[in-house]
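See below for the structure under consideration.
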Amino acid sequence: MKNSKFFKAVGFVVIVLILSAAFTGCETESHDVSGQYAGIEAKAPANQVDILLFNDFHGNVAEDTRPGKGKNAGMAKMIGYVRTAGMENPNTIVVAGGDNYQGTAISNLTYGAPVSAMMRAMDVKVCAVGNHEFDWGSNRMTKWQKDGNFTFLAANIVEKKTGKPVSWAKPYSIIKKGNYKIAFIGLAHPDTAVLTSAEHVSGLEFTDPVKTGQEWVNYLLAGKAKEGKPDAIIALTHIDSFQEDGKISGNAVKLTEIKGLDAVLSAHSHRTVSGNVNGIPILQAYCYGRAVGKLSITFGSENKIAKIESAVDEIYKHKDSLIEDEKGKALFAKYDTELKPIMSEVIGVAEGEFTHERSEKGSNTLLGAWAAEVQRQLGKADIAIQNGGGLRRTLAAGNITVGDLYEIMPFDNYLVVFDLPGSEIKKAIDHGIMNPNITDGQFAGLRVEYDGRKPFENRITKITLMDGTPLDMNKKYRVVVNSFMFTGGDSYDFSKATNSAESVSIRDALIDAIKKAKTIKPIPVDYIKDISK
């Protein structure tokens with residue numbers, strides 16, 4: 001497509017310019033404490049170590065300044081926040097929970113360069129490996145660590161051929177602050193293989209995090225590490241957690257079974273979580289730089305842990321009061337200036353808000369319905385299926401920019417068109433209804449009735465084409481999905497597909513559709529119904 005070629009050509013020039021600026025900006029950890037940080041003094045006790053966590057940043061280096069709606073603090077205020085905290089307690093360690101890079105045009109077009117610069121300025125020490133770290137392939141990992149001056153930790157990611165941990169990450173790291181040694185064990189989500197494109201993880205195995213975590217805790221407690229036996233052991237993970245009415249759930253809870261573990265740092269589910277399970281703190285700090293988690297460890301005699309407290313500072317609620325780091329602000333301005341001609345190009349107008357609330361269950365969103373229909377028409381297919389997590393946010397009413405489309409669909413997936421029996425189509429649609437593990441699937445070309453009281457993947461009671469014709473279980477229909485789903489992403493199964501053909505970039509397709517229409521209008525979704533309500 002012309003669009004794709006234009007972005008690649010312009011993007012290449014931009015990337016060269018930006019990366020040269022990034023290397024200059026990499027020295028941002030040297031700040032003038034006599035300036036905007038003047039007067040900030042240490043106030044924490046010497047026997048307290050603070051661990052600051054941010055997770056699922058997804059490239060949101062720009063502050064969202066929309067009145068009443070903007071929650072993202074942006075890189076300059078994130079840098080200011082952690083530098084302030086580090087001055088208030090010199091025994092502070094900054095860590096990241098993964099999924100840092102993919103998600104915005106400014107990050108995607110530079111392969112995460114501004115995020116690495118931010119992490120260096122924040123003095124991030126270690127980072128878990130999120131599923132979206134693989135969106136451009138694992139060959140980016142080494143450069144990100146070098147540019148960001150941090151270490152990826154991943155004890156449960158191993159090479160299938162050798163059975164050994166990957167070379168670009170370490171299983172653990174021991175960091176000394178004051179008189180105390182804090183060990184971090186990195187654990188990736190066990191479902192990473194189906195949460196990213198298969199081609200990028202084909203040679204990797206994601207082992208059981210509980211079993212692997214226990215092995216490394218035993219190793220550290222036995223004093224086998226060259227740094228000696230640590231005083232505290234923390235699981236730094238990209239594993240989900242949820243909290244409702246004080247009760248914590250999710251896969252991270254299983255990690256509290258690990259004997260000798262002192263705390264779990266969670267991520268992936270974009271939630272605010274702070275509390276204890278089985279006497280072990282679990283902490284997650286929302287997403288997009290809207291919050292920072294804090295794990296405070298107080299040590300007693302003989303370096304024994306006296307207490308551990310967790311808390312989440314929802315900084316979006318008071319971000320106007322945060323220090324906006326001057327060097328961080330200038331660094332962001334360099335990227336923003338170079339990329340603005342691409343990101344700010346207006347491609348059309350949304351007549352209303354295309355909502356996409358990813359926590360919504362049992363329905364199709366306005367954005368999901370529109371995106372699926374665009375794909376169905378472009379693929380000349382009977383049916384389109386779009387994974388809900390492939391669309392990342394709501395499209396606001398008003399002017400639509402290229403930058404909006406990068407944030408809505410940050411993944412470089414393409415369309416795949418193929419033939420599929422009606423029985424397999426029904427299974428795929430059922431897989432996306434009230435799915436407990438992922439955002440609900442979106443679709444076009446079908447009318448579906450289901451019973452929400454029935455078990456997962458057995459809920460559909462009636463499925464027809466849009467004209468009311470029953471879906472023939474034995475007939476083959478033309479179907480279009482994205483390449484992530486086609487290769488097993490989000491546990492979709494299209495192994496019975498035939499006559500498959502690759503097509504265009506989905507993001508480019510949506511951009512072209514908006515340009516052609518000039519104005520798009522959300523259409524209420526009436527083709528999916530829960531008969532139990």
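Identifiers for the structure tokens are assigned positionally: chains receive A, B, ... in sequence, residues are indexed from 1 per chain, and ligands are indexed from 1 in the order shown.
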- [ ] Fewer than 5 positions away in the same chain doesn't count, so skip those; otherwise give me all residues within 7 Å of Ala42 (chain A), counting only C-alpha atoms, as a ChimeraX atom specification.
- [x] /A:87-90
Take the residues just selected and output them with N, CA and C atoms as a short mmCIF file (atom, residue, chain, number, x, y, z; two decimals), in the first residue's frame.
data_model
loop_
_atom_site.label_atom_id
_atom_site.label_comp_id
_atom_site.auth_asym_id
_atom_site.auth_seq_id
_atom_site.Cartn_x
_atom_site.Cartn_y
_atom_site.Cartn_z
N MET A 87 15.75 10.69 46.33
CA MET A 87 16.42 11.64 47.21
C MET A 87 15.85 11.58 48.61
N GLU A 88 14.55 11.28 48.71
CA GLU A 88 13.93 11.16 50.03
C GLU A 88 14.37 9.89 50.74
N ASN A 89 14.68 8.86 49.95
CA ASN A 89 15.25 7.63 50.51
C ASN A 89 16.35 7.13 49.58
N PRO A 90 17.62 7.36 49.92
CA PRO A 90 18.72 6.90 49.06
C PRO A 90 18.73 5.39 48.86
#
Open item on the list: Just want the 7 Å neighbourhood of Arg290 (chain A), counted on only C-alpha atoms, with same-chain residues fewer than 4 positions away dropped. Output as a list in words.
Closed with: Lys71, Asn72, Ala73, Tyr286, Glu314, Ile315 and Tyr316 of chain A
Would you export the selected residues with N, CA and C atoms as a PDB file, in the first residue's frame, please?
ATOM      1  N   LYS A  71      -4.783  10.998  32.052  1.00  0.00           N
ATOM      2  CA  LYS A  71      -4.232  10.310  33.220  1.00  0.00           C
ATOM      3  C   LYS A  71      -2.736  10.027  33.099  1.00  0.00           C
ATOM      4  N   ASN A  72      -2.227   9.867  31.882  1.00  0.00           N
ATOM      5  CA  ASN A  72      -0.827   9.475  31.715  1.00  0.00           C
ATOM      6  C   ASN A  72       0.096  10.616  32.141  1.00  0.00           C
ATOM      7  N   ALA A  73       1.038  10.315  33.040  1.00  0.00           N
ATOM      8  CA  ALA A  73       1.928  11.348  33.575  1.00  0.00           C
ATOM      9  C   ALA A  73       2.990  11.777  32.587  1.00  0.00           C
ATOM     10  N   TYR A 286      -1.168  -0.312  38.238  1.00  0.00           N
ATOM     11  CA  TYR A 286      -2.045   0.163  37.164  1.00  0.00           C
ATOM     12  C   TYR A 286      -1.349   0.027  35.817  1.00  0.00           C
ATOM     13  N   GLU A 314      -1.437   6.552  43.087  1.00  0.00           N
ATOM     14  CA  GLU A 314      -2.107   6.839  41.808  1.00  0.00           C
ATOM     15  C   GLU A 314      -1.775   8.274  41.410  1.00  0.00           C
ATOM     16  N   ILE A 315      -0.610   8.407  40.785  1.00  0.00           N
ATOM     17  CA  ILE A 315      -0.072   9.744  40.548  1.00  0.00           C
ATOM     18  C   ILE A 315      -0.898  10.558  39.560  1.00  0.00           C
ATOM     19  N   TYR A 316      -1.754   9.885  38.782  1.00  0.00           N
ATOM     20  CA  TYR A 316      -2.584  10.646  37.844  1.00  0.00           C
ATOM     21  C   TYR A 316      -3.548  11.571  38.580  1.00  0.00           C
TER      22      TYR A 316
END
Please report as JSON lines every residue of region 291-408 of chain A lying within 10 Å of region 162-184 of chain A, along with the nearest atom pair and their distance in Å (one decimal), using only C-alpha atoms.
{"residue": "A:Ile297", "atom": "CA", "partner": "A:Ile182", "partner_atom": "CA", "distance": 9.8}
{"residue": "A:Phe299", "atom": "CA", "partner": "A:Tyr180", "partner_atom": "CA", "distance": 8.4}
{"residue": "A:Asn303", "atom": "CA", "partner": "A:Tyr180", "partner_atom": "CA", "distance": 7.0}
{"residue": "A:Lys304", "atom": "CA", "partner": "A:Tyr180", "partner_atom": "CA", "distance": 9.7}
Any chance you can output those residues with N, CA and C atoms as an mmCIF file, in the first residue's frame?
data_model
loop_
_atom_site.group_PDB
_atom_site.id
_atom_site.type_symbol
_atom_site.label_atom_id
_atom_site.label_comp_id
_atom_site.auth_asym_id
_atom_site.auth_seq_id
_atom_site.Cartn_x
_atom_site.Cartn_y
_atom_site.Cartn_z
ATOM 1 N N ILE A 297 10.553 -2.136 52.642
ATOM 2 C CA ILE A 297 11.059 -3.231 53.470
ATOM 3 C C ILE A 297 11.851 -2.637 54.630
ATOM 4 N N PHE A 299 14.169 -3.433 57.837
ATOM 5 C CA PHE A 299 15.023 -4.487 58.378
ATOM 6 C C PHE A 299 15.298 -4.259 59.856
ATOM 7 N N ASN A 303 19.980 -8.037 59.861
ATOM 8 C CA ASN A 303 19.403 -7.878 58.516
ATOM 9 C C ASN A 303 18.161 -8.740 58.283
ATOM 10 N N LYS A 304 17.447 -9.037 59.356
ATOM 11 C CA LYS A 304 16.201 -9.782 59.223
ATOM 12 C C LYS A 304 15.068 -8.817 58.883
#
Open item on the list: When you count only C-alpha atoms, which of these residues is closest to Asn156 (chain A): A:Ile531, A:Ile280, A:Leu236, A:Leu109?
Closed with: A:Leu236
Open item on the list: Taking 6 positions as the minimum chain separation for residues in the same chain, which residues sit within 12 Å of Gly246 (chain A) when counting only C-alpha atoms? Answer as a list in words.
Closed with: Thr272, Val273, Ser274, Gly275, Asn276, Val277 and Ile282 of chain A
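Note that CA of Asp123 (chain A) and CA of Ala235 (chain A) are 19.4 Å apart.
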